[in-house]
file my_file33.txt (compact mmCIF, C-alpha atoms and all ligand atoms)
# COMPACT_ATOMS: atom_id res chain seq x y z
CA MET A 218 46.26 10.94 33.85
CA ALA A 219 44.19 7.92 32.75
CA GLU A 220 42.47 7.31 36.08
CA HIS A 221 41.79 11.03 36.58
CA THR A 222 38.67 11.45 34.53
CA GLN A 223 36.26 13.17 36.90
CA LEU A 224 35.27 16.83 36.76
CA ILE A 225 36.85 17.40 40.19
CA ASP A 226 40.16 16.21 38.70
CA ALA A 227 39.78 18.85 35.97
CA ILE A 228 39.18 21.53 38.63
CA ASN A 229 42.31 20.42 40.45
CA ILE A 230 44.59 20.83 37.41
CA ARG A 231 42.98 23.67 35.40
CA THR A 232 44.81 26.95 35.02
CA ALA A 233 44.36 29.67 32.41
CA VAL A 234 46.60 28.75 29.46
CA ARG A 235 47.92 31.68 27.41
CA ALA A 236 50.64 29.95 25.33
CA TYR A 237 49.63 27.29 22.81
CA ASP A 238 51.31 24.95 20.35
CA PRO A 239 50.36 25.75 16.74
CA ASP A 240 48.76 22.29 16.21
CA PRO A 241 45.11 22.57 15.17
CA ILE A 242 42.19 21.02 17.04
CA ASP A 243 41.48 17.94 14.90
CA ASP A 244 38.03 16.97 13.60
CA ASP A 245 37.62 14.12 16.06
CA THR A 246 38.38 16.32 19.08
CA ALA A 247 36.09 19.03 17.69
CA ARG A 248 33.27 16.48 17.34
CA GLN A 249 33.71 15.37 20.94
CA LEU A 250 33.69 18.96 22.19
CA ASP A 251 30.64 19.74 20.06
CA MET A 252 28.76 16.87 21.72
CA THR A 253 29.34 18.46 25.14
CA ILE A 254 28.55 21.91 23.75
CA ASP A 255 25.26 20.76 22.16
CA ALA A 256 24.17 19.19 25.45
CA VAL A 257 24.93 22.25 27.58
CA ASN A 258 23.39 24.66 25.06
CA THR A 259 20.11 22.78 25.35
CA LEU A 260 20.26 22.93 29.16
CA ALA A 261 21.44 26.53 29.33
CA GLY A 262 19.32 28.22 26.69
CA ILE A 263 22.44 29.86 25.26
CA ARG A 264 24.57 29.32 22.18
CA ILE A 265 28.16 28.29 22.81
CA GLN A 266 29.96 27.73 19.50
CA LEU A 267 33.39 26.22 18.84
CA VAL A 268 35.24 28.27 16.23
CA ARG A 269 38.50 26.88 14.90
CA ASP A 270 41.48 28.39 13.11
CA GLN A 271 40.72 32.11 13.22
CA PRO A 272 44.01 33.60 14.46
CA ALA A 273 42.97 37.10 13.28
CA VAL A 274 40.67 37.21 16.34
CA PHE A 275 43.76 37.16 18.55
CA ALA A 276 46.16 39.03 16.25
CA GLY A 277 46.76 41.83 18.77
CA ALA A 278 47.20 39.61 21.83
CA ASN A 279 49.42 37.16 19.92
CA ALA A 280 51.57 40.01 18.57
CA SER A 281 52.01 41.64 21.99
CA GLY A 282 53.02 38.32 23.54
CA HIS A 283 50.09 38.29 25.97
CA LEU A 284 48.88 35.17 24.13
CA LYS A 285 50.86 32.78 21.92
CA ASN A 286 49.34 30.92 18.93
CA ALA A 287 45.77 31.56 20.08
CA ALA A 288 43.51 30.66 17.14
CA ASN A 289 40.46 28.70 18.36
CA TYR A 290 37.72 29.78 20.74
CA LEU A 291 34.38 29.11 22.26
CA ALA A 292 32.08 31.98 21.33
CA ILE A 293 29.56 32.46 24.12
CA VAL A 294 26.37 33.97 22.76
CA GLY A 295 23.14 34.60 24.64
CA PRO A 296 20.20 36.95 25.12
CA LYS A 297 20.97 40.67 25.50
CA GLN A 298 20.61 42.38 28.88
CA ASP A 299 19.91 39.20 30.79
CA ASP A 300 22.07 38.70 33.90
CA GLU A 301 20.65 35.27 34.60
CA ALA A 302 21.50 34.10 31.09
CA ARG A 303 25.04 35.41 31.65
CA GLU A 304 25.21 33.42 34.89
CA ARG A 305 24.04 30.27 33.08
CA ALA A 306 26.62 31.01 30.37
CA GLY A 307 29.39 31.11 32.97
CA PHE A 308 28.17 27.89 34.59
CA TYR A 309 27.79 25.89 31.37
CA ALA A 310 30.75 27.27 29.42
CA GLU A 311 32.95 26.40 32.39
CA ARG A 312 31.49 22.89 32.16
CA VAL A 313 32.85 22.77 28.60
CA VAL A 314 36.19 24.16 29.87
CA LEU A 315 36.45 21.28 32.34
CA ALA A 316 35.60 18.71 29.64
CA ALA A 317 38.31 20.24 27.44
CA THR A 318 40.77 20.12 30.37
CA LEU A 319 40.17 16.38 30.75
CA ARG A 320 41.02 15.98 27.05
CA GLY A 321 44.40 17.66 27.66
CA LEU A 322 43.37 20.95 26.06
CA GLY A 323 44.21 24.37 27.48
CA THR A 324 41.69 27.19 27.88
CA CYS A 325 41.60 30.86 28.82
CA TRP A 326 38.43 32.90 29.28
CA VAL A 327 38.71 36.21 27.41
CA GLY A 328 36.83 39.45 27.84
CA GLY A 329 39.56 41.85 26.74
CA SER A 330 42.37 39.89 25.09
CA TRP A 331 40.66 39.41 21.75
CA ASP A 332 39.03 41.29 18.89
CA ALA A 333 35.38 40.72 19.80
CA ALA A 334 34.09 42.26 16.56
CA GLU A 335 36.26 39.90 14.52
CA ALA A 336 35.17 36.98 16.74
CA ALA A 337 31.51 37.80 16.09
CA ARG A 338 32.09 37.47 12.32
CA HIS A 339 32.71 33.73 12.67
CA CYS A 340 29.74 32.69 14.79
CA ARG A 341 25.97 33.00 14.79
CA VAL A 342 24.61 35.90 16.82
CA PRO A 343 20.83 35.89 16.26
CA HIS A 344 18.73 39.04 16.58
CA GLY A 345 18.23 39.81 20.29
CA ASP A 346 21.42 38.01 21.26
CA GLU A 347 24.95 39.26 21.83
CA LEU A 348 28.44 37.81 22.07
CA TYR A 349 29.14 37.80 25.82
CA LEU A 350 32.69 36.49 26.09
CA GLY A 351 35.10 33.98 24.65
CA VAL A 352 37.25 31.11 25.80
CA VAL A 353 40.51 30.47 23.94
CA ILE A 354 41.00 26.76 23.44
CA GLY A 355 43.88 24.72 22.03
CA HIS A 356 46.84 22.50 22.71
CA PRO A 357 48.94 24.03 25.50
CA GLU A 358 52.54 24.85 24.63
CA ASN A 359 54.68 21.70 24.87
CA HIS A 360 51.48 19.68 25.14
CA LEU A 361 53.11 16.32 24.50
CA SER A 362 55.33 16.58 27.58
CA ARG A 363 52.45 18.09 29.52
CA MET A 364 50.24 15.10 28.64
CA ALA A 365 52.97 12.84 30.03
CA ALA A 366 53.26 14.78 33.31
CA PRO A 367 51.95 13.02 36.43
CA TYR A 368 48.59 14.23 37.69
CA GLU A 369 50.16 15.24 41.02
CA GLN A 370 52.56 17.58 39.22
CA LEU A 371 49.68 19.33 37.43
CA VAL A 372 47.83 19.63 40.76
CA GLU A 373 50.90 21.29 42.27
CA ILE A 374 51.09 23.76 39.36
CA GLN A 375 47.41 24.63 39.86
CA ARG A 376 47.88 25.04 43.62
CA THR A 377 50.79 27.44 43.33
CA HIS A 378 50.32 29.28 40.02
CA ARG A 379 48.57 32.36 41.40
CA ASP A 380 47.50 34.22 44.51
CA GLY A 381 43.96 33.86 45.61
CA LYS A 382 41.62 34.74 48.42
CA THR A 383 41.59 32.51 51.50
CA TYR A 384 38.77 30.24 52.64
CA GLU A 385 38.01 32.81 55.35
CA GLN A 386 37.71 35.58 52.74
CA PHE A 387 35.40 33.45 50.58
CA THR A 388 33.21 32.82 53.65
CA ARG A 389 33.38 36.37 55.05
CA ASP A 390 29.68 36.25 55.94
CA MET A 391 30.33 33.48 58.52
CA ASP A 392 32.08 33.54 61.90
CA ASP A 393 34.57 30.91 63.07
CA ALA A 394 31.95 28.93 64.99
CA ALA A 395 29.73 28.76 61.89
CA ARG A 396 32.71 27.65 59.77
CA GLN A 397 33.50 24.90 62.27
CA ALA A 398 29.90 23.70 62.28
CA ALA A 399 29.52 23.64 58.48
CA PRO A 400 29.48 20.17 56.85
CA ALA A 401 32.42 18.79 54.89
CA TRP A 402 30.54 19.15 51.59
CA PHE A 403 30.31 22.92 52.12
CA ARG A 404 34.06 23.28 52.68
CA ALA A 405 34.80 21.05 49.68
CA GLY A 406 32.46 23.18 47.54
CA VAL A 407 34.14 26.44 48.56
CA GLU A 408 37.61 24.97 48.01
CA ALA A 409 36.62 23.99 44.44
CA ALA A 410 35.23 27.51 43.87
CA MET A 411 38.54 28.97 45.09
CA LYS A 412 40.18 27.27 42.08
CA ALA A 413 37.73 28.79 39.59
CA PRO A 414 38.72 31.34 36.97
CA SER A 415 37.31 34.86 37.36
CA ALA A 416 37.77 38.09 35.43
CA LEU A 417 41.03 39.76 36.51
CA ASN A 418 41.26 37.07 39.23
CA ARG A 419 38.97 39.26 41.35
CA GLN A 420 37.15 36.22 42.84
CA PRO A 421 33.96 38.19 43.51
CA VAL A 422 31.73 35.43 44.95
CA LEU A 423 31.02 34.90 48.69
CA PHE A 424 29.61 31.64 50.08
CA SER A 425 27.81 30.95 53.34
CA TYR A 426 26.22 27.95 55.03
CA ASN A 427 22.89 28.19 56.83
CA ALA A 428 22.58 25.47 59.51
CA ASP A 429 18.86 26.17 60.03
CA ASP A 430 17.85 24.72 56.71
CA ASP A 431 21.10 23.00 55.64
CA THR A 432 21.55 25.20 52.55
CA ALA A 433 24.46 27.18 51.12
CA ALA A 434 24.15 30.58 49.46
CA ALA A 435 26.32 32.39 46.93
CA ARG A 436 26.32 36.13 46.43
CA LEU A 437 28.38 38.69 44.57
CA ASP A 438 30.58 40.76 46.86
CA PRO A 439 29.41 44.37 46.36
CA GLN A 440 32.91 45.55 47.35
CA VAL A 441 34.47 43.88 44.29
CA GLU A 442 34.41 45.76 40.99
CA THR A 443 34.12 43.42 38.04
CA GLY A 444 32.52 43.82 34.67
CA CYS A 445 31.70 40.10 34.57
CA GLY A 446 29.91 39.49 37.90
CA PRO A 447 27.05 37.23 36.72
CA ASN A 448 29.42 35.18 34.55
CA ASP A 449 31.86 34.74 37.45
CA LEU A 450 28.97 33.80 39.74
CA GLY A 451 27.96 31.03 37.33
CA ILE A 452 31.52 29.70 37.07
CA ALA A 453 31.93 29.69 40.86
CA LYS A 454 28.59 27.91 41.34
CA LEU A 455 29.62 25.14 38.95
CA HIS A 456 32.92 24.60 40.75
CA PHE A 457 31.13 24.59 44.14
CA GLN A 458 28.57 22.03 42.94
CA ILE A 459 31.28 19.70 41.65
CA GLY A 460 33.31 20.10 44.86
CA ALA A 461 30.26 19.49 47.05
CA GLY A 462 29.64 16.22 45.21
CA SER A 463 25.96 16.58 44.39
CA GLY A 464 23.17 19.10 44.70
CA THR A 465 21.57 21.93 42.78
CA TRP A 466 21.71 25.71 42.75
CA ALA A 467 18.97 28.24 42.25
CA TRP A 468 20.10 30.84 39.72
CA GLY A 469 20.62 34.42 40.76
CA ASP A 470 22.66 36.56 43.14
CA GLY A 471 21.91 35.07 46.58
CA GLY A 472 20.65 31.80 45.06
CA LEU A 473 20.59 28.77 47.39
CA PHE A 474 22.31 25.40 47.00
CA ILE A 475 20.49 22.30 48.19
CA HIS A 476 22.82 19.39 48.84
CA ARG A 477 21.49 15.89 48.07
C1 LIG B 1 35.02 36.39 32.54
C2 LIG B 1 36.52 36.28 32.41
C3 LIG B 1 37.22 37.10 31.55
C4 LIG B 1 38.60 36.96 31.42
N1 LIG B 1 39.28 37.75 30.50
C5 LIG B 1 40.60 37.57 30.32
C6 LIG B 1 41.30 38.31 29.33
O1 LIG B 1 40.73 39.12 28.60
N2 LIG B 1 42.64 38.09 29.19
C7 LIG B 1 43.32 37.18 29.96
O2 LIG B 1 44.52 37.02 29.78
N3 LIG B 1 42.68 36.45 30.92
C8 LIG B 1 41.34 36.62 31.10
N4 LIG B 1 40.68 35.87 32.05
C9 LIG B 1 41.41 34.85 32.81
C10 LIG B 1 41.65 35.28 34.25
O3 LIG B 1 42.64 36.28 34.27
C11 LIG B 1 42.06 34.06 35.08
O4 LIG B 1 41.03 33.11 35.08
C12 LIG B 1 42.38 34.45 36.51
O5 LIG B 1 43.52 35.26 36.55
C13 LIG B 1 42.61 33.24 37.40
O6 LIG B 1 43.66 32.46 36.94
P1 LIG B 1 43.47 30.93 36.55
O7 LIG B 1 42.35 30.85 35.57
O8 LIG B 1 44.79 30.52 35.99
O9 LIG B 1 43.13 30.19 37.82
C14 LIG B 1 39.30 36.00 32.20
C15 LIG B 1 38.57 35.19 33.09
C16 LIG B 1 37.21 35.30 33.19
C17 LIG B 1 36.45 34.36 34.07
call {"tool": "encode", "arguments": {"input": "my_file33.txt", "output": "structure tokens"}}
result
Amino acid sequence: MAEHTQLIDAINIRTAVRAYDPDPIDDDTARQLDMTIDAVNTLAGIRIQLVRDQPAVFAGANASGHLKNAANYLAIVGPKQDDEARERAGFYAERVVLAATLRGLGTCWVGGSWDAAEAARHCRVPHGDELYLGVVIGHPENHLSRMAAPYEQLVEIQRTHRDGKTYEQFTRDMDDAARQAAPAWFRAGVEAAMKAPSALNRQPVLFSYNADDDTAAARLDPQVETGCGPNDLGIAKLHFQIGAGSGTWAWGDGGLFIHR
């Protein structure tokens, strides 16, 4: 793994991890994660908080077997009734997820598989804010052998671990000629977004390339029901940006990406 330290490497090996070893996240690792979290909170205008050793938050999911040994989480807190803040939360919390992945940690976004009221008791939720979602974080089950696995093996697990929509489905707004004409950075961006987590694996984001002004656009598919649309849009935009190599997004449903 040593030479695989880029965010695109994290995208290529990340999967949702639902079974963890009981080992705690040590102080040094927590400090490193907090440095990333502090930086993204400043950029995002939200409050991501790392909460360690609170297994009661996952008591139900651990008991049912849906999760195993889940005890630590990122609490994602931001302004109430603000879809753009939720999009930024998805974008920047996924940035923390990818940093954690590169440290050998496992993660799983959670909207349903936790006790949100219990989770809120262990983090700061200022007046006017709410707890949006969580991300379970910890050492994946059998993490020592997993850390020793070749990068290529982890890539293969990511590639085959679930069904997903095709490139054509992600670019439904384009015809074949437009797909052919799109630059390599656009395809690489969409392929990174295809590997992104989304609520219930619904993959609700559509991408298109506009040759007239050399921009890409991302929009939420109105045909896809998801309770977490803005969050999923933010996650998908981060993956696209990393896949495309460089460039910036405008926030919002239909926001444009300018490649640099
Ligand atoms: C906003 C959001 C909420 C999620 N909530 C849950 C959840 O409550 N329980 C769960 O097991 N997985 C949850 N997931 C994980 C998704 O099921 C998972 O990302 C998706 O199936 C794709 O699989 P992958 O992450 O392994 O690529 C959630 C993901 C997102 C982005």
call {"tool": "closest_residue", "arguments": {"input": "my_file33.txt", "among": "A:Glu304, A:Asp449, A:Asp251, A:Glu358", "to": "ligand LIG 1 (chain B)", "atoms": "only C-alpha atoms and all ligand atoms"}}
result
A:Asp449
call {"tool": "closest_atom_pairs", "arguments": {"input": "my_file33.txt", "of": "stretch 350-388 of chain A", "to": "stretch 397-408 of chain A", "cutoff": "12 Å", "atoms": "all atoms listed in the file", "output": "Markdown table"}}
result
| residue | atom | partner | partner_atom | distance |
| --- | --- | --- | --- | --- |
| A:Arg376 | CA | A:Glu408 | CA | 11.2 |
| A:Gly381 | CA | A:Glu408 | CA | 11.2 |
| A:Lys382 | CA | A:Glu408 | CA | 10.6 |
| A:Thr383 | CA | A:Glu408 | CA | 9.2 |
| A:Tyr384 | CA | A:Glu408 | CA | 7.1 |
| A:Glu385 | CA | A:Val407 | CA | 10.1 |
| A:Gln386 | CA | A:Val407 | CA | 10.7 |
| A:Phe387 | CA | A:Val407 | CA | 7.4 |
| A:Thr388 | CA | A:Val407 | CA | 8.2 |
call {"tool": "closest_residue", "arguments": {"input": "my_file33.txt", "among": "A:Asp380, A:Glu347, A:Asp438, A:Glu301", "to": "ligand LIG 1 (chain B)", "atoms": "all atoms listed in the file"}}
result
A:Asp380
call {"tool": "residues_near_point", "arguments": {"input": "my_file33.txt", "point": "(21.0, 23.7, 61.4)", "cutoff": "12 Å", "atoms": "only C-alpha atoms", "output": "PDB file with C-alpha atoms, in the frame of the given file"}}
result
ATOM      1  CA  ALA A 395      29.730  28.760  61.890  1.00  0.00           C
ATOM      2  CA  ALA A 398      29.900  23.700  62.280  1.00  0.00           C
ATOM      3  CA  ALA A 399      29.520  23.640  58.480  1.00  0.00           C
ATOM      4  CA  PRO A 400      29.480  20.170  56.850  1.00  0.00           C
ATOM      5  CA  TYR A 426      26.220  27.950  55.030  1.00  0.00           C
ATOM      6  CA  ASN A 427      22.890  28.190  56.830  1.00  0.00           C
ATOM      7  CA  ALA A 428      22.580  25.470  59.510  1.00  0.00           C
ATOM      8  CA  ASP A 429      18.860  26.170  60.030  1.00  0.00           C
ATOM      9  CA  ASP A 430      17.850  24.720  56.710  1.00  0.00           C
ATOM     10  CA  ASP A 431      21.100  23.000  55.640  1.00  0.00           C
ATOM     11  CA  THR A 432      21.550  25.200  52.550  1.00  0.00           C
ATOM     12  CA  ALA A 433      24.460  27.180  51.120  1.00  0.00           C
TER      13      ALA A 433
END
call {"tool": "residues_near_ligand", "arguments": {"input": "my_file33.txt", "ligand": "ligand LIG 1 (chain B)", "cutoff": "10 Å", "atoms": "all atoms listed in the file", "output": "PyMOL selection string"}}
result
chain A and resi 228+230-235+278+283-284+307+311+324-331+349-353+374-381+411-420+443-453
call {"tool": "closest_residue", "arguments": {"input": "my_file33.txt", "among": "A:Thr246, A:Met391, A:Gly321, A:Ser463", "to": "A:Ala366", "atoms": "all atoms listed in the file"}}
result
A:Gly321
call {"tool": "decode", "arguments": {"input": "my_file33.txt", "residues": "stretch 429-445 of chain A", "atoms": "C-alpha atoms", "output": "mmCIF file, in the first residue's frame"}}
result
data_model
loop_
_atom_site.group_PDB
_atom_site.id
_atom_site.type_symbol
_atom_site.label_atom_id
_atom_site.label_comp_id
_atom_site.auth_asym_id
_atom_site.auth_seq_id
_atom_site.Cartn_x
_atom_site.Cartn_y
_atom_site.Cartn_z
ATOM 1 C CA ASP A 429 -19.744 24.480 -26.059
ATOM 2 C CA ASP A 430 -18.115 25.798 -22.928
ATOM 3 C CA ASP A 431 -16.034 22.768 -21.856
ATOM 4 C CA THR A 432 -17.912 22.314 -18.562
ATOM 5 C CA ALA A 433 -19.502 19.341 -16.827
ATOM 6 C CA ALA A 434 -22.763 19.457 -14.886
ATOM 7 C CA ALA A 435 -24.157 17.294 -12.093
ATOM 8 C CA ARG A 436 -27.826 17.013 -11.270
ATOM 9 C CA LEU A 437 -30.023 14.850 -9.084
ATOM 10 C CA ASP A 438 -32.080 12.359 -11.072
ATOM 11 C CA PRO A 439 -35.723 13.252 -10.308
ATOM 12 C CA GLN A 440 -36.673 9.608 -11.020
ATOM 13 C CA VAL A 441 -34.617 8.376 -8.041
ATOM 14 C CA GLU A 442 -36.212 8.466 -4.600
ATOM 15 C CA THR A 443 -33.663 9.125 -1.884
ATOM 16 C CA GLY A 444 -33.918 10.869 1.419
ATOM 17 C CA CYS A 445 -30.294 12.009 1.150
#
